[in-house]
Amino acid sequence: MPELPEVETVVRILRTQIVGQVIHNVTLLWPKTIENSEFFIQEVIHQKINTITRRGKYIMINLDKGTILVHLRMEGKFFIKEESEPIFKHTHVILHLDSCKLEFNDTRKFGRMIYTENANDYLIQKLGLEPFDSQLDVKYLKEKSKNRKVALKTFLLDQSVIAGIGNIYSDEICFMMKKHPNTSIQRLTKKDWQNCIHATQVILSSAIEAGGSSVRSYTSSLGVTGLFQLNIHVYGRSNKPCHICETPLIKTVIGQRSSVYCPICQKR
DNA sequence: CAGTTCGCCTGGGGGC
DNA sequence: TGCCCCCAGGCGAACT
């Protein structure tokens with residue numbers, strides 16, 4: 001399930017493979033994958049891929065006039081293949097390029113693509129700061145949490161606060177902060193928020209360095225599986241011993257999401 | 001307005 | 001072996 005580090009890994013691989021190529025045609029096999037398919041197909045054909053960047057969990061394929069925004073959601077992935085190769089099962093969109101085809105493949109069909117000429121405007125209303133933005137400080141988080149009463153974990157998953165954190169890393173961040181994921185954000189001290197920023201940056205940057213964690217079915221573009229399971233302390237480890245105190249980890253549900261935490265190390 | 005729940009999807013796994 | 005049901009989860013829509 002791609003979160004920011006996995007998306008960054010995909011962006012870096014795509015960048016080396018398809019920048020500079022022209023989109024000659026689009027095959028759409030599952031219409032809902034492209035939100036504005038008629039406009040999308042009409043506009044992207046004959047445009048060149050100039051750069052590929054990332055904002056939050058969105059991949060930005062920047063063309064001459066506009067941008068293809070891609071959200072992988074849970075299982076979206078790209079494959080770069082020879083034009084003659086057979087289409088994979090679960091491929092929903094194919095971009096036909098100069099020397100290859102780019103297949104967007106997504107078992108669960110949750111992934112989305114959209115073409116827009118105002119990508120920054122589109123993203124700015126959905127997304128908060130990047131985890132590594134120098135403006136991400138205690139003051140910013142205090143302001144964002146003002147008048148809100150949600151659990152710490154729910155707050156971390158809110159893309160309009162910090163963009164890019166998903167269910168794996170939100171649990172990991174809470175663990176590193178030594179805070180119960182259900183802690184009300186109103187109870188967090190300045191020191192807690194400082195720890196939150198630190199934990200977020202350490203965990204996400206080391207995950208990027210590792211090439212994205214490989215959990216379940218996640219594979220990056222080219223079908224390359226993520227290198228290894230990055231130092232995961234709590235996610236998916238319910239009933240297993242805490243890496244610090246060996247107490248069995250507890251699984252619960254917070255804001256409709258499964259959450260795992262250590263009942264001893266993580267205080268409310 | 002803020003918070004909560006539901007629907008979108010498929011494959012894997014547990015129970016029987 | 002086969003069938004049913006539950007689960008995974010990001011996000012937008014529809015609710016309270």
# chains A, B, ... in the order shown; residues from 1 in each chain; ligands from 1
>>> residues_around(residues="Phe132 in chain A", least_positions_apart="5", cutoff="12 Å", atoms="only C-alpha atoms (C1' of nucleotides)", output="PyMOL selection string")
chain A and resi 4+55-56+137+162-164+197-205
>>> interface_residues(of="chain C", to="chain A", cutoff="12 Å", atoms="only C-alpha atoms (C1' of nucleotides)", output="ChimeraX atom specification")
/C:7-12
>>> write_last_selection(atoms="N, CA, C and O atoms (P, O5', C5', C4', C3', O3' and C1' of nucleotides)", output="short mmCIF file (atom, residue, chain, number, x, y, z; two decimals), in the first residue's frame")
data_model
loop_
_atom_site.label_atom_id
_atom_site.label_comp_id
_atom_site.auth_asym_id
_atom_site.auth_seq_id
_atom_site.Cartn_x
_atom_site.Cartn_y
_atom_site.Cartn_z
P DC C 7 -13.98 -8.42 9.91
"O5'" DC C 7 -12.61 -8.08 9.17
"C5'" DC C 7 -11.52 -9.00 9.25
"C4'" DC C 7 -10.52 -8.64 8.19
"C3'" DC C 7 -10.22 -7.14 8.11
"O3'" DC C 7 -8.89 -6.91 8.54
"C1'" DC C 7 -10.50 -8.12 5.94
P DA C 8 -8.45 -5.44 8.96
"O5'" DA C 8 -7.62 -4.97 7.69
"C5'" DA C 8 -6.50 -5.72 7.25
"C4'" DA C 8 -6.11 -5.26 5.87
"C3'" DA C 8 -6.14 -3.73 5.74
"O3'" DA C 8 -4.81 -3.23 5.88
"C1'" DA C 8 -7.20 -4.84 3.87
P DG C 9 -4.61 -1.95 6.75
"O5'" DG C 9 -5.08 -0.78 5.78
"C5'" DG C 9 -4.32 -0.48 4.62
"C4'" DG C 9 -5.15 0.40 3.74
"C3'" DG C 9 -5.67 1.70 4.43
"O3'" DG C 9 -5.42 2.80 3.58
"C1'" DG C 9 -7.37 0.62 3.28
P DG C 10 -4.43 3.92 4.06
"O5'" DG C 10 -4.69 5.01 2.93
"C5'" DG C 10 -4.22 4.79 1.61
"C4'" DG C 10 -4.89 5.77 0.67
"C3'" DG C 10 -5.16 7.15 1.24
"O3'" DG C 10 -4.95 8.08 0.19
"C1'" DG C 10 -7.23 6.07 0.75
P DC C 11 -5.16 9.65 0.44
"O5'" DC C 11 -6.67 9.90 0.02
"C5'" DC C 11 -7.07 9.62 -1.31
"C4'" DC C 11 -8.56 9.69 -1.42
"C3'" DC C 11 -9.18 10.98 -0.85
"O3'" DC C 11 -9.93 11.55 -1.88
"C1'" DC C 11 -10.39 9.08 -0.18
P DG C 12 -10.20 13.12 -1.91
"O5'" DG C 12 -11.69 13.18 -2.47
"C5'" DG C 12 -12.06 12.38 -3.58
"C4'" DG C 12 -13.51 11.98 -3.44
"C3'" DG C 12 -14.44 13.14 -3.07
"O3'" DG C 12 -15.61 13.04 -3.86
"C1'" DG C 12 -14.69 11.39 -1.51
#
>>> interface_residues(of="chain B", to="chain A", cutoff="10 Å", atoms="only C-alpha atoms (C1' of nucleotides)", output="list in words")
DA2, DG3, DT4, DT5, DC8, DC9, DT10 and DG11 of chain B
>>> select_by_dssp(residues="range 9-150 of chain A", states="helix (DSSP H, G or I)", output="number ranges by chain")
A: 9-18, 31-33, 37-44, 119-124, 138-145
>>> write_last_selection(atoms="C-alpha atoms", output="compact mmCIF listing (two decimals), in the first residue's frame")
# COMPACT_ATOMS: atom_id res chain seq x y z
CA THR A 9 10.42 5.43 -5.27
CA VAL A 10 8.03 4.97 -8.18
CA VAL A 11 8.60 8.59 -9.28
CA ARG A 12 12.36 8.13 -9.28
CA ILE A 13 12.16 4.97 -11.37
CA LEU A 14 9.66 6.43 -13.85
CA ARG A 15 11.83 9.52 -14.21
CA THR A 16 14.75 7.48 -15.52
CA GLN A 17 12.56 5.59 -17.96
CA ILE A 18 9.97 7.79 -19.64
CA PRO A 31 -13.23 3.91 -17.47
CA LYS A 32 -13.49 4.93 -13.82
CA THR A 33 -9.71 4.92 -13.41
CA SER A 37 -11.37 10.49 -19.49
CA GLU A 38 -12.74 12.31 -22.52
CA PHE A 39 -10.74 15.48 -21.81
CA PHE A 40 -7.75 13.42 -20.67
CA ILE A 41 -7.46 11.42 -23.86
CA GLN A 42 -8.15 14.40 -26.08
CA GLU A 43 -5.51 16.53 -24.40
CA VAL A 44 -2.57 14.25 -23.50
CA ALA A 119 -2.25 20.81 -10.98
CA ASN A 120 -0.90 23.04 -8.23
CA ASP A 121 -4.29 24.60 -7.60
CA TYR A 122 -5.90 21.18 -7.61
CA LEU A 123 -3.43 19.82 -5.05
CA ILE A 124 -3.14 22.85 -2.82
CA VAL A 138 5.15 23.15 16.15
CA LYS A 139 3.35 26.41 15.39
CA TYR A 140 1.91 24.97 12.16
CA LEU A 141 0.66 21.79 13.85
CA LYS A 142 -0.79 23.76 16.78
CA GLU A 143 -2.68 25.96 14.31
CA LYS A 144 -3.93 22.97 12.32
CA SER A 145 -5.09 21.15 15.46
>>> residues_around(residues="Thr247 in chain A", least_positions_apart="4", cutoff="10 Å", atoms="only C-alpha atoms (C1' of nucleotides)", output="ChimeraX atom specification")
/A:239-243,262-265
>>> write_last_selection(atoms="all heavy atoms", output="short mmCIF file (atom, residue, chain, number, x, y, z; two decimals), in the first residue's frame")
data_model
loop_
_atom_site.label_atom_id
_atom_site.label_comp_id
_atom_site.auth_asym_id
_atom_site.auth_seq_id
_atom_site.Cartn_x
_atom_site.Cartn_y
_atom_site.Cartn_z
N ASN A 239 -0.20 -8.79 18.57
CA ASN A 239 0.10 -9.95 19.43
C ASN A 239 1.58 -10.34 19.44
O ASN A 239 1.98 -11.21 20.20
CB ASN A 239 -0.72 -11.19 19.04
CG ASN A 239 -2.21 -10.94 19.19
OD1 ASN A 239 -2.62 -10.32 20.17
ND2 ASN A 239 -3.00 -11.39 18.23
N LYS A 240 2.37 -9.70 18.59
CA LYS A 240 3.81 -10.00 18.61
C LYS A 240 4.48 -9.12 19.66
O LYS A 240 3.95 -8.06 20.03
CB LYS A 240 4.42 -9.76 17.23
CG LYS A 240 3.84 -10.69 16.17
CD LYS A 240 4.75 -10.82 14.98
CE LYS A 240 4.28 -11.93 14.06
NZ LYS A 240 3.77 -11.46 12.79
N PRO A 241 5.66 -9.54 20.17
CA PRO A 241 6.29 -8.77 21.25
C PRO A 241 6.79 -7.40 20.79
O PRO A 241 7.37 -7.28 19.72
CB PRO A 241 7.46 -9.66 21.69
CG PRO A 241 7.71 -10.57 20.54
CD PRO A 241 6.39 -10.77 19.85
N CYS A 242 6.56 -6.41 21.63
CA CYS A 242 7.10 -5.06 21.38
C CYS A 242 8.61 -5.15 21.27
O CYS A 242 9.26 -5.86 22.06
CB CYS A 242 6.71 -4.14 22.54
SG CYS A 242 7.54 -2.54 22.50
N HIS A 243 9.18 -4.45 20.31
CA HIS A 243 10.62 -4.49 20.12
C HIS A 243 11.39 -3.85 21.27
O HIS A 243 12.59 -4.03 21.41
CB HIS A 243 11.00 -3.82 18.80
CG HIS A 243 10.67 -4.65 17.60
ND1 HIS A 243 10.42 -4.12 16.35
CD2 HIS A 243 10.54 -5.99 17.45
CE1 HIS A 243 10.17 -5.11 15.49
NE2 HIS A 243 10.22 -6.25 16.14
N CYS A 262 1.78 -0.50 21.33
CA CYS A 262 2.26 -1.16 22.54
C CYS A 262 1.56 -0.54 23.74
O CYS A 262 1.67 0.67 23.96
CB CYS A 262 3.77 -1.01 22.69
SG CYS A 262 4.34 -1.64 24.29
N PRO A 263 0.87 -1.37 24.54
CA PRO A 263 0.10 -0.83 25.67
C PRO A 263 1.00 -0.29 26.78
O PRO A 263 0.53 0.47 27.64
CB PRO A 263 -0.72 -2.03 26.15
CG PRO A 263 0.06 -3.22 25.72
CD PRO A 263 0.74 -2.83 24.44
N ILE A 264 2.27 -0.67 26.78
CA ILE A 264 3.18 -0.19 27.82
C ILE A 264 3.97 1.04 27.35
O ILE A 264 4.05 2.05 28.04
CB ILE A 264 4.17 -1.31 28.24
CG1 ILE A 264 3.40 -2.53 28.77
CG2 ILE A 264 5.17 -0.79 29.27
CD1 ILE A 264 2.58 -2.28 30.01
N CYS A 265 4.55 0.94 26.17
CA CYS A 265 5.42 2.04 25.69
C CYS A 265 4.65 3.28 25.26
O CYS A 265 5.18 4.38 25.29
CB CYS A 265 6.28 1.56 24.52
SG CYS A 265 7.46 0.27 24.97
#
>>> select_by_dssp(residues="range 14-217 of chain A", states="strand (DSSP E)", output="PyMOL selection string")
chain A and resi 25-28+49-55+58-63+67-71+77-81+91-96+101-105+112-116
>>> write_last_selection(atoms="C-alpha atoms", output="mmCIF file, in the first residue's frame")
data_model
loop_
_atom_site.group_PDB
_atom_site.id
_atom_site.type_symbol
_atom_site.label_atom_id
_atom_site.label_comp_id
_atom_site.auth_asym_id
_atom_site.auth_seq_id
_atom_site.Cartn_x
_atom_site.Cartn_y
_atom_site.Cartn_z
ATOM 1 C CA ASN A 25 -2.138 7.108 -27.714
ATOM 2 C CA VAL A 26 -4.137 6.084 -24.654
ATOM 3 C CA THR A 27 -5.944 2.794 -24.081
ATOM 4 C CA LEU A 28 -8.599 2.938 -21.381
ATOM 5 C CA ILE A 49 6.545 14.073 -20.732
ATOM 6 C CA ASN A 50 8.882 16.782 -19.452
ATOM 7 C CA THR A 51 9.335 16.005 -15.772
ATOM 8 C CA ILE A 52 7.933 13.627 -13.154
ATOM 9 C CA THR A 53 7.525 14.861 -9.603
ATOM 10 C CA ARG A 54 5.635 14.020 -6.413
ATOM 11 C CA ARG A 55 3.354 15.935 -4.059
ATOM 12 C CA TYR A 58 0.308 12.037 -5.911
ATOM 13 C CA ILE A 59 2.564 11.343 -8.872
ATOM 14 C CA MET A 60 2.761 14.338 -11.202
ATOM 15 C CA ILE A 61 3.554 13.537 -14.815
ATOM 16 C CA ASN A 62 4.211 17.013 -16.154
ATOM 17 C CA LEU A 63 3.506 17.486 -19.864
ATOM 18 C CA THR A 67 -0.162 17.456 -15.754
ATOM 19 C CA ILE A 68 -1.337 13.897 -15.354
ATOM 20 C CA LEU A 69 -1.972 13.355 -11.648
ATOM 21 C CA VAL A 70 -1.863 9.740 -10.515
ATOM 22 C CA HIS A 71 -2.958 8.426 -7.130
ATOM 23 C CA LYS A 77 1.442 0.266 -9.912
ATOM 24 C CA PHE A 78 3.147 0.932 -13.207
ATOM 25 C CA PHE A 79 4.775 -1.431 -15.639
ATOM 26 C CA ILE A 80 6.995 -0.273 -18.482
ATOM 27 C CA LYS A 81 6.821 -2.817 -21.276
ATOM 28 C CA THR A 91 -4.174 -3.185 -16.301
ATOM 29 C CA HIS A 92 -6.714 -0.363 -16.685
ATOM 30 C CA VAL A 93 -4.862 2.366 -18.586
ATOM 31 C CA ILE A 94 -2.052 2.193 -21.138
ATOM 32 C CA LEU A 95 -0.041 5.202 -22.272
ATOM 33 C CA HIS A 96 1.635 4.404 -25.581
ATOM 34 C CA LYS A 101 4.091 1.429 -23.227
ATOM 35 C CA LEU A 102 3.292 2.416 -19.657
ATOM 36 C CA GLU A 103 0.650 0.181 -18.081
ATOM 37 C CA PHE A 104 -1.260 1.404 -15.041
ATOM 38 C CA ASN A 105 -2.194 -1.756 -13.194
ATOM 39 C CA ARG A 112 -7.172 7.311 -10.030
ATOM 40 C CA MET A 113 -5.703 9.432 -12.814
ATOM 41 C CA ILE A 114 -6.779 12.908 -13.840
ATOM 42 C CA TYR A 115 -5.460 15.435 -16.350
ATOM 43 C CA THR A 116 -5.393 19.081 -15.337
#
>>> atom_distance(atom1="CA of Met177 in chain A", atom2="CA of Asn195 in chain A")
5.8 Å
>>> residues_around(residues="Gln47 in chain A", least_positions_apart="3", cutoff="6 Å", atoms="only C-alpha atoms (C1' of nucleotides)", output="ChimeraX atom specification")
/A:22-23,44,64
>>> write_last_selection(atoms="N, CA, C and O atoms", output="compact mmCIF listing (two decimals), in the first residue's frame")
# COMPACT_ATOMS: atom_id res chain seq x y z
N VAL A 22 7.03 11.06 -25.95
CA VAL A 22 5.74 11.62 -26.33
C VAL A 22 4.65 10.57 -26.16
O VAL A 22 4.87 9.38 -26.40
N ILE A 23 3.49 11.02 -25.68
CA ILE A 23 2.34 10.12 -25.55
C ILE A 23 1.63 10.07 -26.92
O ILE A 23 1.13 11.08 -27.40
N VAL A 44 -3.95 14.73 -23.76
CA VAL A 44 -2.57 14.25 -23.50
C VAL A 44 -1.88 13.73 -24.77
O VAL A 44 -0.66 13.72 -24.84
N ASP A 64 3.69 19.15 -21.64
CA ASP A 64 3.92 20.49 -22.18
C ASP A 64 2.90 21.49 -21.64
O ASP A 64 3.24 22.58 -21.19
>>> atom_distance(atom1="CA of Val260 in chain A", atom2="CA of Val7 in chain A")
23.3 Å
>>> residues_around(residues="DC6 in chain C", least_positions_apart="2", cutoff="12 Å", atoms="only C-alpha atoms (C1' of nucleotides)", output="ChimeraX atom specification")
/B:12-15 /C:4,8
>>> closest_residue(among="A:Pro181, A:Cys196, A:Asp98, A:Thr189", to="Lys251 in chain A", atoms="only C-alpha atoms")
A:Pro181
>>> residues_around(residues="Ile208 in chain A", least_positions_apart="6", cutoff="8 Å", atoms="only C-alpha atoms (C1' of nucleotides)", output="list in words")
Pro5, Glu6, Glu8 and Thr9 of chain A
>>> write_last_selection(atoms="all heavy atoms", output="CSV table (one decimal), in the first residue's frame")
chain,number,residue,atom,x,y,z
A,5,PRO,N,6.9,7.3,0.8
A,5,PRO,CA,8.1,6.7,0.4
A,5,PRO,C,8.0,5.8,-0.8
A,5,PRO,O,8.9,5.8,-1.7
A,5,PRO,CB,8.6,5.9,1.6
A,5,PRO,CG,7.9,6.6,2.8
A,5,PRO,CD,6.5,6.9,2.2
A,6,GLU,N,7.0,5.1,-0.9
A,6,GLU,CA,6.8,4.2,-2.1
A,6,GLU,C,6.5,5.0,-3.3
A,6,GLU,O,7.0,4.7,-4.4
A,6,GLU,CB,5.6,3.2,-1.8
A,6,GLU,CG,5.9,2.2,-0.7
A,6,GLU,CD,5.7,2.7,0.7
A,6,GLU,OE1,5.3,3.9,0.9
A,6,GLU,OE2,6.1,2.0,1.6
A,8,GLU,N,7.5,8.0,-3.9
A,8,GLU,CA,8.7,8.7,-4.2
A,8,GLU,C,9.6,7.7,-5.0
A,8,GLU,O,10.3,8.1,-6.0
A,8,GLU,CB,9.5,9.2,-3.0
A,8,GLU,CG,10.8,9.8,-3.2
A,8,GLU,CD,10.7,11.1,-4.0
A,8,GLU,OE1,9.7,11.8,-4.0
A,8,GLU,OE2,11.7,11.4,-4.7
A,9,THR,N,9.6,6.5,-4.6
A,9,THR,CA,10.4,5.4,-5.3
A,9,THR,C,9.9,5.2,-6.7
A,9,THR,O,10.7,5.1,-7.6
A,9,THR,CB,10.4,4.1,-4.5
A,9,THR,OG1,10.8,4.3,-3.2
A,9,THR,CG2,11.2,3.0,-5.2
